[in-house]
file run.txt (compact mmCIF, C-alpha atoms)
# COMPACT_ATOMS: atom_id res chain seq x y z
CA MET A 765 84.33 5.88 60.53
CA LYS A 766 82.18 6.81 63.52
CA LEU A 767 78.62 7.97 64.07
CA GLU A 768 78.18 10.34 67.00
CA ALA A 769 75.26 8.59 68.65
CA PRO A 770 74.41 9.73 72.19
CA PHE A 771 75.38 7.36 75.00
CA TYR A 772 72.81 6.04 77.45
CA ALA A 773 73.62 3.61 80.27
CA GLN A 774 70.95 1.07 81.16
CA THR A 775 69.49 1.64 84.63
CA MET A 776 68.17 -1.91 85.05
CA GLU A 777 70.16 -5.11 84.69
CA PHE A 778 67.75 -6.38 82.04
CA SER A 779 67.23 -3.24 79.90
CA CYS A 780 70.18 -3.42 77.49
CA GLY A 781 67.92 -3.73 74.44
CA SER A 782 65.81 -0.73 75.33
CA ALA A 783 68.93 1.32 76.19
CA CYS A 784 70.35 0.59 72.72
CA ALA A 785 67.01 1.50 71.15
CA LEU A 786 67.03 4.81 73.04
CA MET A 787 70.51 5.66 71.75
CA ALA A 788 69.42 4.94 68.17
CA LEU A 789 66.25 7.00 68.57
CA GLY A 790 68.25 9.86 70.04
CA HIS A 791 70.79 9.79 67.20
CA PHE A 792 68.06 10.13 64.57
CA GLY A 793 66.16 12.78 66.52
CA MET A 794 63.19 10.52 67.18
CA ALA A 795 63.22 10.81 70.98
CA GLY A 796 64.29 13.08 73.75
CA PRO A 797 65.21 13.42 76.47
CA LEU A 798 66.83 10.03 76.91
CA ASP A 799 65.80 9.21 80.46
CA ARG A 800 64.53 6.38 82.61
CA ASP A 801 60.88 7.10 81.84
CA LEU A 802 61.52 6.50 78.15
CA GLU A 803 63.82 3.56 78.90
CA VAL A 804 61.05 1.79 80.82
CA GLU A 805 58.45 2.64 78.18
CA VAL A 806 60.62 1.13 75.44
CA TRP A 807 61.63 -1.79 77.69
CA ARG A 808 57.97 -2.79 77.97
CA GLU A 809 57.88 -3.00 74.17
CA THR A 810 61.19 -4.83 73.70
CA GLN A 811 60.89 -7.55 76.33
CA ALA A 812 59.31 -10.93 75.65
CA VAL A 813 58.09 -11.69 79.18
CA GLU A 814 59.03 -9.46 82.14
CA ILE A 815 62.82 -9.93 82.38
CA GLY A 816 62.74 -12.92 80.08
CA GLY A 817 64.78 -11.44 77.28
CA CYS A 818 64.82 -9.25 74.22
CA GLY A 819 64.97 -10.82 70.76
CA ARG A 820 65.52 -9.40 67.31
CA TYR A 821 61.88 -8.39 66.76
CA GLY A 822 61.77 -6.93 70.25
CA VAL A 823 64.53 -4.39 69.57
CA ALA A 824 63.30 -3.63 66.05
CA ALA A 825 59.62 -3.01 66.88
CA PRO A 826 59.93 0.16 69.01
CA LEU A 827 62.32 1.67 66.47
CA ALA A 828 59.87 1.05 63.63
CA LEU A 829 56.91 2.27 65.67
CA ARG A 830 58.67 5.61 66.13
CA GLY A 831 59.47 6.14 62.46
CA LEU A 832 62.84 4.46 61.81
CA ARG A 833 63.46 1.65 59.30
CA PRO A 834 65.16 -1.34 60.93
CA HIS A 835 66.64 -4.20 58.93
CA ILE A 836 67.31 -7.53 60.65
CA ILE A 837 70.09 -9.94 59.65
CA SER A 838 69.83 -13.13 61.69
CA THR A 839 70.54 -16.83 61.64
CA ALA A 840 67.37 -17.49 63.64
CA ASP A 841 64.28 -19.14 62.28
CA GLY A 842 61.50 -18.95 64.83
CA LEU A 843 62.12 -18.11 68.48
CA GLY A 844 65.93 -18.17 68.30
CA LEU A 845 67.22 -16.47 71.46
CA MET A 846 63.80 -16.71 73.07
CA GLU A 847 64.03 -20.51 72.99
CA ARG A 848 67.21 -20.26 75.08
CA VAL A 849 65.46 -17.89 77.47
CA HIS A 850 62.82 -20.54 78.11
CA GLU A 851 65.56 -23.07 78.87
CA ARG A 852 67.53 -20.74 81.17
CA VAL A 853 64.81 -18.95 83.13
CA ALA A 854 62.48 -20.97 85.33
CA GLY A 855 58.78 -20.22 85.44
CA ILE A 856 58.31 -18.76 81.95
CA ASP A 857 55.39 -20.35 80.15
CA PRO A 858 56.55 -21.29 76.63
CA GLY A 859 53.17 -20.47 75.11
CA THR A 860 53.23 -16.96 76.55
CA LEU A 861 56.82 -16.50 75.42
CA GLU A 862 55.90 -17.46 71.85
CA PHE A 863 52.90 -15.11 71.95
CA PHE A 864 55.11 -12.14 72.82
CA HIS A 865 57.62 -13.13 70.14
CA VAL A 866 54.93 -13.35 67.44
CA MET A 867 53.26 -10.15 68.65
CA GLN A 868 56.53 -8.26 68.20
CA GLN A 869 56.98 -9.92 64.81
CA ARG A 870 53.53 -8.64 63.79
CA LEU A 871 54.45 -5.11 64.88
CA CYS A 872 57.57 -5.34 62.71
CA ALA A 873 55.54 -6.63 59.76
CA ARG A 874 53.03 -3.77 60.03
CA ASN A 875 55.67 -1.05 60.32
CA GLY A 876 58.08 -1.68 57.46
CA VAL A 877 60.81 -3.79 59.08
CA THR A 878 62.80 -5.94 56.63
CA GLU A 879 64.91 -9.00 57.30
CA GLU A 880 67.34 -11.58 55.92
CA GLN A 881 67.87 -15.05 57.38
CA ARG A 882 71.61 -15.68 57.22
CA GLY A 883 74.70 -15.24 59.30
CA PRO A 884 75.75 -11.59 59.68
CA VAL A 885 79.25 -10.71 58.46
CA LEU A 886 81.59 -7.79 58.98
CA ALA A 887 80.70 -6.33 55.58
CA ASP A 888 77.11 -5.88 56.82
CA VAL A 889 78.37 -3.63 59.60
CA HIS A 890 80.59 -1.61 57.28
CA ASP A 891 77.81 -1.24 54.71
CA ALA A 892 75.41 -0.04 57.38
CA LEU A 893 77.83 2.47 58.89
CA GLY A 894 78.72 3.73 55.41
CA ALA A 895 75.03 4.43 54.86
CA GLU A 896 74.87 6.26 58.22
CA ARG A 897 72.94 3.45 59.87
CA LEU A 898 73.58 2.35 63.44
CA VAL A 899 73.84 -1.36 64.27
CA LEU A 900 72.33 -3.12 67.28
CA ALA A 901 74.25 -6.34 67.86
CA LEU A 902 73.38 -9.36 69.98
CA VAL A 903 76.49 -10.46 71.89
CA SER A 904 77.50 -12.25 75.06
CA THR A 905 78.54 -10.22 78.08
CA ASN A 906 81.74 -12.32 77.95
CA LEU A 907 82.82 -10.01 75.14
CA PHE A 908 83.81 -7.58 77.90
CA PRO A 909 86.57 -8.93 80.21
CA GLU A 910 85.24 -7.22 83.34
CA GLU A 911 81.86 -8.95 83.08
CA GLU A 912 81.71 -12.21 85.03
CA GLU A 913 78.42 -13.53 83.65
CA ASP A 914 77.83 -15.11 80.26
CA ILE A 915 74.39 -13.87 79.23
CA PRO A 916 72.76 -12.41 76.09
CA HIS A 917 73.34 -8.69 75.73
CA TRP A 918 72.65 -5.95 73.18
CA VAL A 919 75.22 -3.30 72.25
CA LEU A 920 75.13 -0.42 69.76
CA VAL A 921 77.84 -0.38 67.08
CA THR A 922 78.73 3.22 66.30
CA GLY A 923 81.83 2.88 64.14
CA ALA A 924 84.79 0.88 62.86
CA ARG A 925 88.54 1.30 63.14
CA ASP A 926 91.03 -1.15 61.63
CA SER A 927 90.04 -4.67 62.82
CA LYS A 928 87.84 -3.34 65.61
CA LEU A 929 84.31 -2.08 65.95
CA LEU A 930 83.36 0.83 68.20
CA VAL A 931 80.44 0.17 70.51
CA HIS A 932 78.28 1.84 73.08
CA ASN A 933 77.94 -0.85 75.75
CA PRO A 934 74.97 0.15 77.95
CA LEU A 935 76.60 -1.62 80.91
CA ASP A 936 79.41 0.97 80.80
CA GLY A 937 79.52 4.57 81.86
CA PRO A 938 79.67 7.40 79.31
CA GLU A 939 83.45 7.65 79.66
CA LYS A 940 83.69 4.36 77.73
CA ALA A 941 81.54 5.47 74.81
CA HIS A 942 82.72 4.19 71.41
CA ARG A 943 84.59 1.38 73.13
CA PRO A 944 86.72 -0.70 70.69
CA VAL A 945 86.12 -4.46 70.49
CA VAL A 946 87.55 -7.05 68.11
CA ALA A 947 85.15 -7.23 65.17
CA GLN A 948 85.16 -11.00 64.67
CA ALA A 949 84.73 -11.61 68.41
CA LEU A 950 81.64 -9.40 68.42
CA LEU A 951 80.10 -11.20 65.45
CA ALA A 952 80.73 -14.65 66.94
CA SER A 953 79.85 -14.04 70.56
CA GLY A 954 76.08 -14.48 70.28
CA ALA A 955 76.15 -17.86 68.52
CA GLN A 956 75.82 -19.86 71.73
CA PHE A 957 72.38 -18.36 72.34
CA GLY A 958 70.87 -19.89 69.21
CA GLU A 959 70.87 -16.64 67.29
CA GLN A 960 73.45 -14.40 65.66
CA SER A 961 71.68 -11.14 64.95
CA LEU A 962 72.36 -7.62 63.79
CA VAL A 963 69.65 -4.98 63.50
CA THR A 964 70.74 -2.05 61.36
CA VAL A 965 68.63 1.07 61.63
CA GLY A 966 68.32 4.31 59.74
CA SER A 967 65.76 6.77 58.49
CA ARG A 968 65.37 5.02 55.12
CA GLU A 969 64.47 1.49 54.12
CA TRP A 970 67.43 -0.85 53.57
CA PRO A 971 67.46 -2.32 50.02
CA GLY A 972 67.65 -6.06 49.51
CA GLY A 973 65.69 -7.32 52.49
CA LYS A 974 62.31 -8.99 52.52
CA SER A 975 59.47 -7.54 54.54
CA VAL A 976 58.83 -9.31 57.84
CA VAL A 977 55.73 -11.49 57.47
call {"tool": "encode", "arguments": {"input": "run.txt", "output": "structure tokens"}}
result
Amino acid sequence: MKLEAPFYAQTMEFSCGSACALMALGHFGMAGPLDRDLEVEVWRETQAVEIGGCGRYGVAAPLALRGLRPHIISTADGLGLMERVHERVAGIDPGTLEFFHVMQQRLCARNGVTEEQRGPVLADVHDALGAERLVLALVSTNLFPEEEEDIPHWVLVTGARDSKLLVHNPLDGPEKAHRPVVAQALLASGAQFGEQSLVTVGSREWPGGKSVV
């Protein structure tokens, strides 16, 4: 099972979320060409504060604004990952960080994004792919052996094969598109950041979720 999403490599060290959003938009014919101009435009929408980080509402909002129907599955209640960003990055005002988080949440609420607060499981990924939905997954860069840092990172899940998931990692080059990773390792790798999150996205609303409020 594999969806032939286009591959786009992030051009900035902090634009993984926007790069994944671009690939999803390109797959569903909602954007083109996929270039740095669009990457920066979407990055401005996804980020909480400058290079502070990109949470679940941050990646969902630009997708919804452009006509797709994201569905969030996350353990987080409140800031989640953004709380860790405040702890890890000096100089970020917590009030400003919360404002950006809530602003993105409002954009999701106004544009049809749905959500569930629970831990994501492998069946969620399979269900999404079976419905021709792509999956944006919050992971640690430690998921990839060649990466030395341990920081939050978004990847795009494009398929599944045996016990592995296929991902577009925006830190890679296009020759590594649909890269296989161990499914359970992917699902677990974001837990240390205070948030395990998947954002599934397609052209139709996902049944069973509650509207973001």
call {"tool": "residues_around", "arguments": {"input": "run.txt", "residues": "Gly876 (chain A)", "least_positions_apart": "6", "cutoff": "9 Å", "atoms": "all atoms listed in the file", "output": "list of chain:residue names"}}
result
A:Ala828, A:Leu832, A:Arg833, A:Pro834, A:Glu969, A:Ser975, A:Val976
call {"tool": "residues_near_point", "arguments": {"input": "run.txt", "point": "(84.5, 5.7, 67.4)", "cutoff": "6 Å", "atoms": "only C-alpha atoms", "output": "list in words"}}
result
Lys766, Gly923, Leu930 and His942 of chain A
call {"tool": "closest_residue", "arguments": {"input": "run.txt", "among": "A:Asp857, A:Asp914, A:Asp841, A:Glu809", "to": "Gln956 (chain A)", "atoms": "only C-alpha atoms"}}
result
A:Asp914
call {"tool": "atom_distance", "arguments": {"input": "run.txt", "atom1": "CA of Thr878 (chain A)", "atom2": "CA of Ser967 (chain A)"}}
result
13.2 Å
call {"tool": "closest_residue", "arguments": {"input": "run.txt", "among": "A:Pro770, A:Val877, A:Glu862, A:Thr922", "to": "Trp970 (chain A)", "atoms": "all atoms listed in the file"}}
result
A:Val877
call {"tool": "atom_distance", "arguments": {"input": "run.txt", "atom1": "CA of Val804 (chain A)", "atom2": "CA of Val977 (chain A)"}}
result
27.4 Å
call {"tool": "closest_residue", "arguments": {"input": "run.txt", "among": "A:Ala825, A:Met794, A:Val965, A:Leu871", "to": "Leu920 (chain A)", "atoms": "all atoms listed in the file"}}
result
A:Val965
call {"tool": "atom_distance", "arguments": {"input": "run.txt", "atom1": "CA of Ser904 (chain A)", "atom2": "CA of Glu777 (chain A)"}}
result
14.1 Å
call {"tool": "residues_around", "arguments": {"input": "run.txt", "residues": "Arg943 (chain A)", "least_positions_apart": "3", "cutoff": "7 Å", "atoms": "all atoms listed in the file", "output": "list of chain:residue names"}}
result
A:Leu930, A:Val931, A:His932, A:Lys940
